[in-house]
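Undergrad: Quick one: the structure is below, questions incoming.
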Amino acid sequence: MTLLQIRNLSVVYHNGSRTVTAVNGVTLDVEEQDSVGIVGESGSGKSTLAMALLRLLPGRTAKVEGEVLFGGQPLLELGERELSCLRWKELAVVFQKSMNSLSPVHRIGTQMADVYRLHEHETRLSKKQVRERIIKLLESVRLPARVYDLYPHELSGGMMQRVSIALGLMHRPRLLILDEATTALDVVTQGQILREMMELEQELRLARIMITHDMSVVAAACKKVAVMYAGHLVEFGPVQDVLRHPLHPYTQGLLRSLPSFKGAKDHIRGIPGSLPDLSSPLQGCVFADRCEHAMPICRQAQPVDTAYSGSRRVACHLIGGEAHAAQ
Ligand code: ATP
Ligand code: SF4
Ligand code: MG
């Protein structure tokens with residue numbers, strides 16, 4: 001069953017006279033217990049998309065348009081009260097910088113208990129029961145019970161990130177969004193946390209969106225992948241299909257820059273050029289300036305997000321053909 005439906009979502013930042021279209025017409029479904037990786041280079045709109053889903057963007061400077069249904073509820077239309085019931089309890093997020101949000105002067109357990117009480121109004125657990133619950137949660141992310149009584153500076157980066165994940169799981173949400181949550185960790189710790197995450201998900205029947213610029217993380221830990229470029233979702237599909245046979249030239253470029261996917265190190269090359277200026281309107285394909293396959297049509301018409309086969313989708317004139325371009 002589909003848990004999250006994102007339809008034609010756009011986010012425009014307004015800073016004085018400058019406007020930046022950070023997310024541009026994104027449509028994406030996340031099924032129950034699915035794991036979807038969102039990849040793309042820095043500035044492609046991944047975090048903006050996550051913050052828009054969680055309604056964490058400042059209304060004054062960020063204009064969000066489109067439709068988002070979570071378990072059938074229209075997320076973008078909910079009032080603050082309904083939203084606060086949903087956040088953390090059904091829909092939780094862990095950012096890379098989440099670990100910085102803990103106060104250095106209070107013990108981990110005390111801070112987790114505060115977060116627990118802030119979002120839990122129905123059950124009135126005693127202090128002891130809350131402590132037991134939090135220790136259980138710490139253990140579920142493979143942290144020893146003694147972490148409860150430690151201060152943030154007494155933990156390693158990996159332990160802190162586990163605490164952040166435990167906080168995200170506190171109310172057993174149906175969807176957990178991880179935004180570069182394991183990026184700062186060394187490869188071994190990252191791999192270990194990802195494996196544990198996947199085990200926990202099975203147990204908790206959790207769906208996950210994992211935002212990263214690292215395709216190898218997605219390959220290891222996600223069932224599906226959405227590739228973003230300059231605010232657009234350019235390709236989507238099951239991870240194995242996209243890795244074996246990437247359709248969009250941008251995805252092909254991303255994969256070519258990974259030695260583990262495409263042969264020896266001397267074949268590594270980045271994608272020349274940089275993201276287009278998101279403050280001026282673009283005609284045609286958003287990737288045209290960097291694409292080695294660009295054709296005249298690519299400068300004239302924006303490629304339409306097109307179903308390819310199964311659940312695969314791609315937005316490129318090479319795949320859709322001119323018939324799609326004319327739509
Ligand atoms: P990274 O991989 O570096 O985290 P990202 O894919 O998460 O990048 P975003 O942070 O969503 O990208 O940024 C998308 C675009 O929106 C960028 O051009 C960025 O400069 C712009 N942007 C982000 N936040 C704001 C803001 N508060 N005001 C104006 N522009 C912003
Ligand atoms: Fe390249 Fe054209 Fe496809 Fe864009 S639409 S990715 S420019 S071939
Ligand atoms: Mg980001």
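Labeling convention for the structure tokens: chains A, B, ... as they appear, residues from 1 per chain, ligands from 1 in order of appearance.
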Using 10 Å as the limit and counting only C-alpha atoms, can you tabulate each residue of segment 278-314 of chain A that touches segment 229-234 of chain A, with its shortest atom-to-atom distance in Å and the two atoms involved, as a Markdown table?

TA:
| residue | atom | partner | partner_atom | distance |
| --- | --- | --- | --- | --- |
| A:Leu278 | CA | A:Ala230 | CA | 7.2 |
| A:Cys285 | CA | A:His232 | CA | 9.9 |
| A:Val286 | CA | A:Ala230 | CA | 7.0 |
| A:Phe287 | CA | A:Tyr229 | CA | 7.5 |
| A:Pro303 | CA | A:Val234 | CA | 9.2 |
| A:Val304 | CA | A:Val234 | CA | 9.3 |
| A:Asp305 | CA | A:Val234 | CA | 7.3 |
| A:Thr306 | CA | A:Val234 | CA | 9.7 |
| A:Arg313 | CA | A:Val234 | CA | 8.1 |
| A:Val314 | CA | A:Val234 | CA | 5.6 |

Undergrad: Determine which residues of segment 195-240 of chain A receive a DSSP assignment of strand (DSSP E), computed from the backbone, and state them as a VMD selection string.

TA: chain A and resid 207 to 212 224 to 229 232 to 238

Undergrad: Could I get the residues of chain A with an atom no further than 6 Å from an atom of ligand 1, each paired with its nearest atom pair and that distance in Å to one decimal, using only C-alpha atoms and all ligand atoms, sorted by chain and residue number, as CSV?

TA:
residue,atom,partner,partner_atom_place_in_ligand_line,distance
A:Tyr13,CA,ligand 1,29 (C),4.9
A:Val20,CA,ligand 1,30 (N),5.8
A:Ala22,CA,ligand 1,16 (O),4.3
A:Glu41,CA,ligand 1,2 (O),5.6
A:Ser42,CA,ligand 1,2 (O),3.4
A:Gly43,CA,ligand 1,12 (O),3.5
A:Ser44,CA,ligand 1,6 (O),3.9
A:Gly45,CA,ligand 1,11 (O),3.3
A:Lys46,CA,ligand 1,6 (O),3.8
A:Ser47,CA,ligand 1,7 (O),3.7
A:Thr48,CA,ligand 1,11 (O),3.7

Undergrad: Have a look at A:Arg244, A:Ile297, A:Asn100, A:Met170 and name the one nearest to Pro152 of chain A; count only C-alpha atoms.

TA: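 Under the stated criterion, the closest residue is A:Asn100.
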
Undergrad: Taking only C-alpha atoms and all ligand atoms into account, list the residues no farther than 6 Å from ligand 2, as a list in words.

TA: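 Based on only C-alpha atoms and all ligand atoms, ligand 2 is surrounded within 6 Å by His248, Pro249, Cys285, Phe287, Ala288, Cys291, His293, Ala294, Met295, Cys298, Pro303, Cys316, His317 and Leu318 of chain A.
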
Undergrad: Contacts of Leu83 of chain A at 12 Å or less, counting only C-alpha atoms, minus same-chain residues fewer than 3 places along, as a VMD selection string?

TA: chain A and resid 53 to 56 70 73 to 80 86 to 92 119

Undergrad: Could you write those residues out with C-alpha atoms, as a compact mmCIF listing (two decimals), in the first residue's frame?

TA:
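Okay, part-v5.txt is ready:
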# COMPACT_ATOMS: atom_id res chain seq x y z
CA LEU A 53 7.31 16.96 3.51
CA LEU A 54 7.74 17.63 7.22
CA ARG A 55 6.41 21.17 6.88
CA LEU A 56 9.60 22.46 8.45
CA PHE A 70 0.58 10.66 4.01
CA GLN A 73 -3.99 12.75 4.93
CA PRO A 74 -3.17 15.93 2.99
CA LEU A 75 0.07 16.94 4.73
CA LEU A 76 0.32 20.40 3.22
CA GLU A 77 -3.17 21.32 4.38
CA LEU A 78 -3.04 20.09 7.98
CA GLY A 79 -3.26 22.59 10.83
CA GLU A 80 -0.39 22.98 13.31
CA LEU A 86 1.86 13.38 13.08
CA ARG A 87 5.44 14.58 13.39
CA TRP A 88 7.65 12.19 15.31
CA LYS A 89 4.77 9.82 15.95
CA GLU A 90 4.16 8.86 12.32
CA LEU A 91 6.76 10.77 10.38
CA ALA A 92 10.21 11.37 11.85
CA HIS A 119 5.27 14.33 21.93

Undergrad: Please identify all polymer residues within 7 Å of Gln96 of chain A, counting only C-alpha atoms, omitting same-chain residues fewer than 4 positions from it, and present them as number ranges by chain.

TA: A: 179-182
